[in-house]
Amino acid sequence: MTSGLDQAAPRAPRRIVQSGDAPLLAVRNLQKFFPVKKGVLRRTVAHVRAVDDVSFEIRPGETLGLVGESGCGKTTVGRSILRLIEPTGGHVRFEGEDVVAARGEKLRQMRRRMQIIFQDPYASLNPRMSVSDIIGEGLRVHKLVSSRQELEDRVRELLLKVKLDPVYVNRYPHEFSGGQRQRIGVARALSLSPKFIVCDEAVSALDVSIQAQVINLLMDLRDEMGLSYLFVAHDLSVVRHISHRVAVMYLGKIVETATTEELFADPKHPYTKALLSAVPVADPDRRPQRTVLIGDVPSPIAPPPGCPFHTRCPSVMEICRHEKPPLKECGTGHQFTCHLDV
Ligand code: SF4
């Protein structure tokens with residue numbers, strides 16, 4: 001079976017991202033540990049190492065796909081960058097400014113330029129607010145419109161941008177399908193004219209045929225408005241269509257990063273290979289041998305020593321059990337952490 005995205009209509013060429021462009025977003029050694037509290041005194045007895053030393057950059061107009069199994073920390077990365085949750089350590093720079101150190105008005109202004117589209121189009125829209133109120137809320141809060149008329153005009157414009165009929169402006173979320181609700185979520189994210197959007201499993205809850213439509217819309221908007229995305233997903237076939245580069249996460253760490261073409265054509269890390277072997281392909285002759293990973297992802301409270309993937313890796317060696325794998329580079333921007341030789 002192929003996914004709806006495999007059958008999606010061919011797209012116009014994407015905007016070329018110049019590797020020499022200064023990064024719009026630079027994430028360095030990001031960490032987010034959640035305390036585990038126990039007892040009457042709620043003492044901290046351990047930490048969930050949800051994000052542990054994650055680094056990457058995103059350039060203007062670029063989409064970085066962030067993939068991995070659920071619970072690997074990818075959603076936490078997106079939310080830490082936006083300061084929806086506070087990072088435990090590391091640095092985030094957006095347009096050269098320090099996001100982690102920003103406070104008050106500076107953080108508010110920064111947040112205008114960095115938005116998020118959530119996974120669940122059913123839960124992320126307030127059922128008691130009309131489409132106009134949902135999309136217009138940010139415009140009102142940031143005082144970007146001076147009259148009710150201007151607000152309505154802007155909301156109608158945004159509805160057109162996400163290919164929804166402006167006659168829906170006074171309707172409520174329950175009157176829309178999942179795909180339409182997600183378009184409302186996209187319009188809300190666009191309302192403050194951001195430069196960067198975290199798409200947090202933004203199409204995962206949708207039907208495969210609707211997924212293709214929403215992804216195509218996101219690509220059109222990116223190319224038209226010069227947006228950059230961090231596209232968080234657990235499904236590699238979804239990420240393939242929209243991303244210029246892909247980073248693969250396992251147990252709070254990035255284990256491989258490459259351009260989308262290179263990652264799909266020549267993956268290096270055994271975990272990436274296993275994920276790719278599960279991606280459906282239309283041509284049975286091009287289908288790689290399926291690698292089924294045995295066992296569960298270890299607890300991020302007590303990650304295994306050495307390589308975090310060693311408890312499930314089909315290529316595990318003795319050294320992997322006690323020594324952290326080095327970061328290796330093969331080709332431009334293709335990096336992976338593994339003891340295996342390339
Ligand atoms: Fe597998 Fe060892 Fe490479 Fe880890 S370092 S991915 S356990 S071969």
# chains A, B, ... in the order shown; residues from 1 in each chain; ligands from 1
$ closest_atom_pairs --of "chain A" --to "ligand 1" --cutoff "10 Å" --atoms "only C-alpha atoms and all ligand atoms" --output "Markdown table"
| residue | atom | partner | partner_atom_place_in_ligand_line | distance |
| --- | --- | --- | --- | --- |
| A:Val255 | CA | ligand 1 | 6 (S) | 8.3 |
| A:Lys268 | CA | ligand 1 | 3 (Fe) | 9.1 |
| A:His269 | CA | ligand 1 | 6 (S) | 5.8 |
| A:Pro270 | CA | ligand 1 | 6 (S) | 5.3 |
| A:Tyr271 | CA | ligand 1 | 6 (S) | 6.5 |
| A:Thr272 | CA | ligand 1 | 6 (S) | 9.2 |
| A:Gly306 | CA | ligand 1 | 5 (S) | 7.8 |
| A:Cys307 | CA | ligand 1 | 4 (Fe) | 4.6 |
| A:Pro308 | CA | ligand 1 | 4 (Fe) | 6.7 |
| A:Phe309 | CA | ligand 1 | 4 (Fe) | 5.1 |
| A:His310 | CA | ligand 1 | 7 (S) | 3.6 |
| A:Thr311 | CA | ligand 1 | 7 (S) | 7.2 |
| A:Arg312 | CA | ligand 1 | 7 (S) | 7.5 |
| A:Cys313 | CA | ligand 1 | 1 (Fe) | 4.6 |
| A:Pro314 | CA | ligand 1 | 1 (Fe) | 6.7 |
| A:Ser315 | CA | ligand 1 | 8 (S) | 4.8 |
| A:Val316 | CA | ligand 1 | 7 (S) | 4.2 |
| A:Met317 | CA | ligand 1 | 2 (Fe) | 5.6 |
| A:Glu318 | CA | ligand 1 | 2 (Fe) | 8.0 |
| A:Ile319 | CA | ligand 1 | 2 (Fe) | 7.2 |
| A:Cys320 | CA | ligand 1 | 2 (Fe) | 4.3 |
| A:Arg321 | CA | ligand 1 | 7 (S) | 7.1 |
| A:His322 | CA | ligand 1 | 5 (S) | 9.8 |
| A:Glu323 | CA | ligand 1 | 5 (S) | 8.3 |
| A:Lys324 | CA | ligand 1 | 5 (S) | 7.3 |
| A:Pro325 | CA | ligand 1 | 5 (S) | 5.1 |
| A:Pro326 | CA | ligand 1 | 5 (S) | 8.2 |
| A:Phe336 | CA | ligand 1 | 3 (Fe) | 9.1 |
| A:Thr337 | CA | ligand 1 | 5 (S) | 6.8 |
| A:Cys338 | CA | ligand 1 | 3 (Fe) | 3.7 |
| A:His339 | CA | ligand 1 | 5 (S) | 4.3 |
| A:Leu340 | CA | ligand 1 | 8 (S) | 5.3 |
| A:Asp341 | CA | ligand 1 | 3 (Fe) | 9.0 |
$ closest_atom_pairs --of "region 231-264 of chain A" --to "region 116-128 of chain A" --cutoff "10 Å" --atoms "only C-alpha atoms" --output "CSV"
residue,atom,partner,partner_atom,distance
A:Phe231,CA,A:Ile117,CA,9.7
A:Val232,CA,A:Gln119,CA,9.6
A:Ala233,CA,A:Gln119,CA,9.5
$ write_last_selection --atoms "all heavy atoms" --output "PDB file, in the first residue's frame"
ATOM      1  N   PHE A 231       9.528  20.702  10.642  1.00  0.00           N
ATOM      2  CA  PHE A 231       8.380  19.842  10.380  1.00  0.00           C
ATOM      3  C   PHE A 231       8.559  18.545  11.177  1.00  0.00           C
ATOM      4  O   PHE A 231       9.318  17.660  10.804  1.00  0.00           O
ATOM      5  CB  PHE A 231       8.283  19.564   8.878  1.00  0.00           C
ATOM      6  CG  PHE A 231       6.961  19.009   8.474  1.00  0.00           C
ATOM      7  CD1 PHE A 231       5.908  19.855   8.145  1.00  0.00           C
ATOM      8  CD2 PHE A 231       6.750  17.636   8.448  1.00  0.00           C
ATOM      9  CE1 PHE A 231       4.672  19.334   7.803  1.00  0.00           C
ATOM     10  CE2 PHE A 231       5.520  17.116   8.106  1.00  0.00           C
ATOM     11  CZ  PHE A 231       4.486  17.966   7.780  1.00  0.00           C
ATOM     12  N   VAL A 232       7.845  18.474  12.297  1.00  0.00           N
ATOM     13  CA  VAL A 232       7.973  17.347  13.214  1.00  0.00           C
ATOM     14  C   VAL A 232       6.976  16.255  12.820  1.00  0.00           C
ATOM     15  O   VAL A 232       5.782  16.534  12.671  1.00  0.00           O
ATOM     16  CB  VAL A 232       7.678  17.825  14.662  1.00  0.00           C
ATOM     17  CG1 VAL A 232       7.662  16.664  15.631  1.00  0.00           C
ATOM     18  CG2 VAL A 232       8.674  18.886  15.091  1.00  0.00           C
ATOM     19  N   ALA A 233       7.456  15.039  12.625  1.00  0.00           N
ATOM     20  CA  ALA A 233       6.549  13.947  12.229  1.00  0.00           C
ATOM     21  C   ALA A 233       7.163  12.599  12.580  1.00  0.00           C
ATOM     22  O   ALA A 233       8.386  12.488  12.725  1.00  0.00           O
ATOM     23  CB  ALA A 233       6.276  14.008  10.733  1.00  0.00           C
TER      24      ALA A 233
END
$ select_by_dssp --residues "region 68-181 of chain A" --states "alpha helix (DSSP H)" --output "MDAnalysis selection string"
chainID A and resid 74:81 104:113 131:141 148:161 178:181
$ write_last_selection --atoms "N, CA and C atoms" --output "compact mmCIF listing (two decimals), in the first residue's frame"
# COMPACT_ATOMS: atom_id res chain seq x y z
N LYS A 74 10.98 14.75 19.88
CA LYS A 74 10.91 15.73 18.77
C LYS A 74 9.91 16.86 19.04
N THR A 75 8.78 16.53 19.63
CA THR A 75 7.80 17.57 19.97
C THR A 75 8.38 18.51 21.02
N THR A 76 9.12 17.94 21.98
CA THR A 76 9.73 18.76 23.04
C THR A 76 10.75 19.72 22.44
N VAL A 77 11.46 19.29 21.39
CA VAL A 77 12.42 20.20 20.73
C VAL A 77 11.67 21.42 20.20
N GLY A 78 10.57 21.18 19.46
CA GLY A 78 9.81 22.27 18.86
C GLY A 78 9.28 23.23 19.91
N ARG A 79 8.76 22.69 20.98
CA ARG A 79 8.17 23.55 22.02
C ARG A 79 9.22 24.29 22.83
N SER A 80 10.39 23.67 23.00
CA SER A 80 11.47 24.35 23.73
C SER A 80 11.99 25.53 22.91
N ILE A 81 12.08 25.36 21.60
CA ILE A 81 12.57 26.45 20.74
C ILE A 81 11.65 27.67 20.87
N GLY A 104 9.91 39.31 28.65
CA GLY A 104 8.93 40.39 28.49
C GLY A 104 8.60 40.71 27.04
N GLU A 105 8.66 42.00 26.71
CA GLU A 105 8.26 42.49 25.39
C GLU A 105 9.11 41.88 24.27
N LYS A 106 10.39 41.68 24.57
CA LYS A 106 11.29 41.12 23.56
C LYS A 106 10.84 39.70 23.19
N LEU A 107 10.49 38.90 24.20
CA LEU A 107 10.02 37.54 23.95
C LEU A 107 8.69 37.56 23.19
N ARG A 108 7.84 38.49 23.56
CA ARG A 108 6.53 38.62 22.90
C ARG A 108 6.71 38.93 21.41
N GLN A 109 7.61 39.85 21.11
CA GLN A 109 7.88 40.21 19.72
C GLN A 109 8.49 39.04 18.96
N MET A 110 9.36 38.30 19.64
CA MET A 110 10.00 37.14 19.02
C MET A 110 8.96 36.08 18.69
N ARG A 111 8.02 35.91 19.62
CA ARG A 111 6.99 34.88 19.45
C ARG A 111 6.08 35.19 18.27
N ARG A 112 5.94 36.48 17.96
CA ARG A 112 5.15 36.85 16.77
C ARG A 112 5.75 36.24 15.52
N ARG A 113 7.07 36.18 15.51
CA ARG A 113 7.76 35.73 14.30
C ARG A 113 7.97 34.22 14.29
N VAL A 131 -14.53 31.23 13.74
CA VAL A 131 -13.32 31.25 12.93
C VAL A 131 -12.68 32.64 12.97
N SER A 132 -13.53 33.65 12.88
CA SER A 132 -13.04 35.02 12.89
C SER A 132 -12.29 35.31 14.20
N ASP A 133 -12.85 34.86 15.34
CA ASP A 133 -12.20 35.11 16.63
C ASP A 133 -10.91 34.33 16.77
N ILE A 134 -10.93 33.07 16.26
CA ILE A 134 -9.73 32.22 16.38
C ILE A 134 -8.58 32.83 15.58
N ILE A 135 -8.85 33.17 14.33
CA ILE A 135 -7.78 33.68 13.46
C ILE A 135 -7.41 35.11 13.85
N GLY A 136 -8.40 35.86 14.31
CA GLY A 136 -8.15 37.28 14.61
C GLY A 136 -7.58 37.54 15.99
N GLU A 137 -7.55 36.51 16.86
CA GLU A 137 -7.12 36.73 18.26
C GLU A 137 -5.72 37.35 18.34
N GLY A 138 -4.78 36.77 17.60
CA GLY A 138 -3.40 37.28 17.65
C GLY A 138 -3.32 38.71 17.14
N LEU A 139 -4.09 39.01 16.10
CA LEU A 139 -4.07 40.37 15.53
C LEU A 139 -4.56 41.38 16.56
N ARG A 140 -5.57 40.97 17.34
CA ARG A 140 -6.12 41.87 18.36
C ARG A 140 -5.13 42.03 19.52
N VAL A 141 -4.61 40.87 19.99
CA VAL A 141 -3.70 40.90 21.15
C VAL A 141 -2.48 41.76 20.85
N ARG A 148 -12.68 46.94 13.73
CA ARG A 148 -13.35 45.66 13.51
C ARG A 148 -13.33 45.30 12.02
N GLN A 149 -13.53 46.31 11.20
CA GLN A 149 -13.56 46.09 9.75
C GLN A 149 -12.21 45.59 9.24
N GLU A 150 -11.15 46.23 9.75
CA GLU A 150 -9.81 45.84 9.32
C GLU A 150 -9.52 44.40 9.75
N LEU A 151 -9.97 44.06 10.95
CA LEU A 151 -9.79 42.70 11.45
C LEU A 151 -10.50 41.71 10.54
N GLU A 152 -11.74 42.01 10.21
CA GLU A 152 -12.51 41.09 9.37
C GLU A 152 -11.90 40.94 7.98
N ASP A 153 -11.43 42.05 7.43
CA ASP A 153 -10.79 42.00 6.11
C ASP A 153 -9.55 41.10 6.15
N ARG A 154 -8.79 41.27 7.22
CA ARG A 154 -7.54 40.49 7.36
C ARG A 154 -7.86 39.00 7.52
N VAL A 155 -8.89 38.68 8.31
CA VAL A 155 -9.28 37.28 8.52
C VAL A 155 -9.74 36.67 7.19
N ARG A 156 -10.51 37.42 6.42
CA ARG A 156 -10.97 36.92 5.11
C ARG A 156 -9.79 36.65 4.19
N GLU A 157 -8.82 37.56 4.21
CA GLU A 157 -7.60 37.38 3.40
C GLU A 157 -6.87 36.10 3.79
N LEU A 158 -6.79 35.87 5.11
CA LEU A 158 -6.08 34.68 5.59
C LEU A 158 -6.83 33.41 5.22
N LEU A 159 -8.15 33.46 5.25
CA LEU A 159 -8.94 32.30 4.84
C LEU A 159 -8.68 31.98 3.37
N LEU A 160 -8.61 33.02 2.55
CA LEU A 160 -8.32 32.81 1.12
C LEU A 160 -6.93 32.21 0.94
N LYS A 161 -6.00 32.66 1.74
CA LYS A 161 -4.62 32.16 1.65
C LYS A 161 -4.55 30.65 1.90
N GLY A 178 -11.82 17.71 9.47
CA GLY A 178 -10.48 17.75 10.06
C GLY A 178 -9.51 18.57 9.21
N GLY A 179 -9.56 18.35 7.89
CA GLY A 179 -8.64 19.07 6.99
C GLY A 179 -8.92 20.56 7.00
N GLN A 180 -10.21 20.92 7.03
CA GLN A 180 -10.57 22.35 7.06
C GLN A 180 -10.12 22.98 8.37
N ARG A 181 -10.30 22.23 9.47
CA ARG A 181 -9.87 22.77 10.77
C ARG A 181 -8.36 23.00 10.78
$ closest_residue --among "A:Tyr229, A:Tyr172, A:Phe34, A:Phe94" --to "Asp200 (chain A)" --atoms "only C-alpha atoms"
A:Tyr229
$ closest_residue --among "A:Asp21, A:Glu86, A:Asp266, A:Asp235" --to "Ser70 (chain A)" --atoms "only C-alpha atoms"
A:Asp235
$ closest_residue --among "A:Glu69, A:Glu62, A:Glu95, A:Glu175" --to "Leu25 (chain A)" --atoms "only C-alpha atoms"
A:Glu95
$ residues_around --residues "Asn216 (chain A)" --least-positions-apart "3" --cutoff "9 Å" --atoms "only C-alpha atoms" --output "count of residues only"
10
$ select_by_dssp --residues "region 218-339 of chain A" --states "strand (DSSP E or B)" --output "number ranges by chain"
A: 228-233, 245-250, 253-259, 327-329, 335-337
$ write_last_selection --atoms "N, CA and C atoms" --output "mmCIF file, in the first residue's frame"
data_model
loop_
_atom_site.group_PDB
_atom_site.id
_atom_site.type_symbol
_atom_site.label_atom_id
_atom_site.label_comp_id
_atom_site.auth_asym_id
_atom_site.auth_seq_id
_atom_site.Cartn_x
_atom_site.Cartn_y
_atom_site.Cartn_z
ATOM 1 N N SER A 228 10.082 29.418 6.884
ATOM 2 C CA SER A 228 10.909 28.257 7.238
ATOM 3 C C SER A 228 10.094 27.387 8.185
ATOM 4 N N TYR A 229 10.261 26.071 8.042
ATOM 5 C CA TYR A 229 9.516 25.153 8.920
ATOM 6 C C TYR A 229 10.457 24.201 9.644
ATOM 7 N N LEU A 230 10.095 23.911 10.895
ATOM 8 C CA LEU A 230 10.599 22.695 11.533
ATOM 9 C C LEU A 230 9.413 21.747 11.467
ATOM 10 N N PHE A 231 9.528 20.702 10.642
ATOM 11 C CA PHE A 231 8.380 19.842 10.380
ATOM 12 C C PHE A 231 8.559 18.545 11.177
ATOM 13 N N VAL A 232 7.845 18.474 12.297
ATOM 14 C CA VAL A 232 7.973 17.347 13.214
ATOM 15 C C VAL A 232 6.976 16.255 12.820
ATOM 16 N N ALA A 233 7.456 15.039 12.625
ATOM 17 C CA ALA A 233 6.549 13.947 12.229
ATOM 18 C C ALA A 233 7.163 12.599 12.580
ATOM 19 N N ARG A 245 15.940 19.107 4.274
ATOM 20 C CA ARG A 245 16.842 18.233 5.035
ATOM 21 C C ARG A 245 16.023 17.502 6.089
ATOM 22 N N VAL A 246 16.583 16.372 6.558
ATOM 23 C CA VAL A 246 15.883 15.584 7.580
ATOM 24 C C VAL A 246 16.859 15.284 8.719
ATOM 25 N N ALA A 247 16.368 15.410 9.963
ATOM 26 C CA ALA A 247 17.136 14.994 11.138
ATOM 27 C C ALA A 247 16.352 13.861 11.807
ATOM 28 N N VAL A 248 17.059 12.773 12.113
ATOM 29 C CA VAL A 248 16.409 11.608 12.725
ATOM 30 C C VAL A 248 16.754 11.586 14.208
ATOM 31 N N MET A 249 15.721 11.491 15.053
ATOM 32 C CA MET A 249 15.934 11.507 16.510
ATOM 33 C C MET A 249 15.668 10.151 17.118
ATOM 34 N N TYR A 250 16.479 9.814 18.116
ATOM 35 C CA TYR A 250 16.240 8.590 18.887
ATOM 36 C C TYR A 250 16.610 8.881 20.331
ATOM 37 N N LYS A 253 18.135 12.300 21.195
ATOM 38 C CA LYS A 253 19.318 12.776 20.462
ATOM 39 C C LYS A 253 19.099 12.674 18.963
ATOM 40 N N ILE A 254 19.771 13.562 18.215
ATOM 41 C CA ILE A 254 19.755 13.425 16.754
ATOM 42 C C ILE A 254 20.845 12.427 16.387
ATOM 43 N N VAL A 255 20.451 11.383 15.631
ATOM 44 C CA VAL A 255 21.433 10.353 15.286
ATOM 45 C C VAL A 255 21.902 10.474 13.836
ATOM 46 N N GLU A 256 21.134 11.161 12.988
ATOM 47 C CA GLU A 256 21.572 11.347 11.601
ATOM 48 C C GLU A 256 20.894 12.585 11.020
ATOM 49 N N THR A 257 21.655 13.348 10.229
ATOM 50 C CA THR A 257 21.109 14.503 9.503
ATOM 51 C C THR A 257 21.670 14.475 8.088
ATOM 52 N N ALA A 258 20.803 14.730 7.110
ATOM 53 C CA ALA A 258 21.266 14.789 5.717
ATOM 54 C C ALA A 258 20.215 15.503 4.889
ATOM 55 N N THR A 259 20.586 15.822 3.630
ATOM 56 C CA THR A 259 19.557 16.326 2.732
ATOM 57 C C THR A 259 18.547 15.197 2.539
ATOM 58 N N LEU A 327 30.582 11.495 16.241
ATOM 59 C CA LEU A 327 29.830 12.132 15.149
ATOM 60 C C LEU A 327 30.679 12.040 13.889
ATOM 61 N N LYS A 328 30.129 11.420 12.838
ATOM 62 C CA LYS A 328 30.894 11.256 11.598
ATOM 63 C C LYS A 328 30.251 12.071 10.494
ATOM 64 N N GLU A 329 31.064 12.466 9.551
ATOM 65 C CA GLU A 329 30.586 13.289 8.436
ATOM 66 C C GLU A 329 30.888 12.555 7.139
ATOM 67 N N GLN A 335 25.619 13.927 8.415
ATOM 68 C CA GLN A 335 26.287 13.555 9.655
ATOM 69 C C GLN A 335 25.512 12.442 10.343
ATOM 70 N N PHE A 336 26.244 11.573 11.041
ATOM 71 C CA PHE A 336 25.561 10.531 11.814
ATOM 72 C C PHE A 336 26.452 10.124 12.974
ATOM 73 N N THR A 337 25.852 9.550 14.009
ATOM 74 C CA THR A 337 26.634 9.116 15.165
ATOM 75 C C THR A 337 26.581 7.595 15.254
#
$ closest_residue --among "A:Ala22, A:Leu64, A:Val48, A:Val40" --to "Pro300 (chain A)" --atoms "only C-alpha atoms"
A:Val48
$ atom_distance --atom1 "CA of Pro166 (chain A)" --atom2 "CA of Leu144 (chain A)"
20.1 Å
$ closest_residue --among "A:Asp53, A:Leu218, A:Leu251, A:Leu236" --to "Pro298 (chain A)" --atoms "only C-alpha atoms"
A:Leu251
$ atom_distance --atom1 "CA of Ile294 (chain A)" --atom2 "CA of Gly65 (chain A)"
25.2 Å
$ atom_distance --atom1 "CA of Val92 (chain A)" --atom2 "CA of Val27 (chain A)"
4.6 Å
$ closest_atom_pairs --of "region 196-246 of chain A" --to "region 274-285 of chain A" --cutoff "12 Å" --atoms "only C-alpha atoms" --output "JSON lines"
{"residue": "A:His234", "atom": "CA", "partner": "A:Leu275", "partner_atom": "CA", "distance": 9.5}
{"residue": "A:Asp235", "atom": "CA", "partner": "A:Val279", "partner_atom": "CA", "distance": 8.1}
{"residue": "A:Leu236", "atom": "CA", "partner": "A:Val279", "partner_atom": "CA", "distance": 6.8}
{"residue": "A:Ser237", "atom": "CA", "partner": "A:Val279", "partner_atom": "CA", "distance": 6.3}
{"residue": "A:Val238", "atom": "CA", "partner": "A:Val279", "partner_atom": "CA", "distance": 9.8}
{"residue": "A:Val239", "atom": "CA", "partner": "A:Val279", "partner_atom": "CA", "distance": 11.2}
{"residue": "A:Arg240", "atom": "CA", "partner": "A:Val279", "partner_atom": "CA", "distance": 10.5}
$ decode --residues "region 27-79 of chain A" --atoms "C-alpha atoms" --output "compact mmCIF listing (two decimals), in the first residue's frame"
# COMPACT_ATOMS: atom_id res chain seq x y z
CA VAL A 27 19.92 25.46 18.01
CA ARG A 28 23.00 24.42 20.01
CA ASN A 29 23.22 21.64 22.60
CA LEU A 30 19.54 21.99 23.50
CA GLN A 31 18.45 20.04 26.57
CA LYS A 32 15.11 19.54 28.22
CA PHE A 33 14.93 17.35 31.31
CA PHE A 34 11.65 16.86 33.15
CA PRO A 35 11.93 16.13 36.88
CA VAL A 36 10.37 12.94 38.24
CA LYS A 37 8.95 13.72 41.69
CA LYS A 38 8.02 11.21 44.37
CA GLY A 39 6.83 11.02 47.96
CA VAL A 40 4.82 13.39 50.13
CA LEU A 41 7.49 16.06 49.81
CA ARG A 42 7.51 15.68 46.03
CA ARG A 43 11.27 15.36 45.97
CA THR A 44 12.98 15.07 42.59
CA VAL A 45 14.27 11.51 42.33
CA ALA A 46 15.25 11.40 38.65
CA HIS A 47 14.97 13.25 35.36
CA VAL A 48 13.36 12.31 32.04
CA ARG A 49 16.02 13.31 29.52
CA ALA A 50 13.52 14.19 26.79
CA VAL A 51 15.96 16.27 24.72
CA ASP A 52 19.64 15.70 25.29
CA ASP A 53 22.22 17.77 23.42
CA VAL A 54 20.38 18.54 20.17
CA SER A 55 21.95 20.92 17.63
CA PHE A 56 20.82 22.01 14.15
CA GLU A 57 20.28 25.06 11.96
CA ILE A 58 17.44 26.14 9.68
CA ARG A 59 18.02 28.65 6.86
CA PRO A 60 15.51 31.13 5.43
CA GLY A 61 12.98 29.31 3.25
CA GLU A 62 14.19 25.92 4.44
CA THR A 63 12.23 23.02 5.92
CA LEU A 64 13.94 20.67 8.33
CA GLY A 65 12.03 17.43 8.91
CA LEU A 66 12.47 16.07 12.44
CA VAL A 67 11.48 12.40 12.64
CA GLY A 68 11.51 9.56 15.12
CA GLU A 69 9.21 7.24 17.03
CA SER A 70 6.74 8.76 19.45
CA GLY A 71 8.38 9.74 22.73
CA CYS A 72 11.80 10.40 21.15
CA GLY A 73 11.68 14.08 22.12
CA LYS A 74 10.91 15.73 18.77
CA THR A 75 7.80 17.57 19.97
CA THR A 76 9.73 18.76 23.04
CA VAL A 77 12.42 20.20 20.73
CA GLY A 78 9.81 22.27 18.86
CA ARG A 79 8.17 23.55 22.02
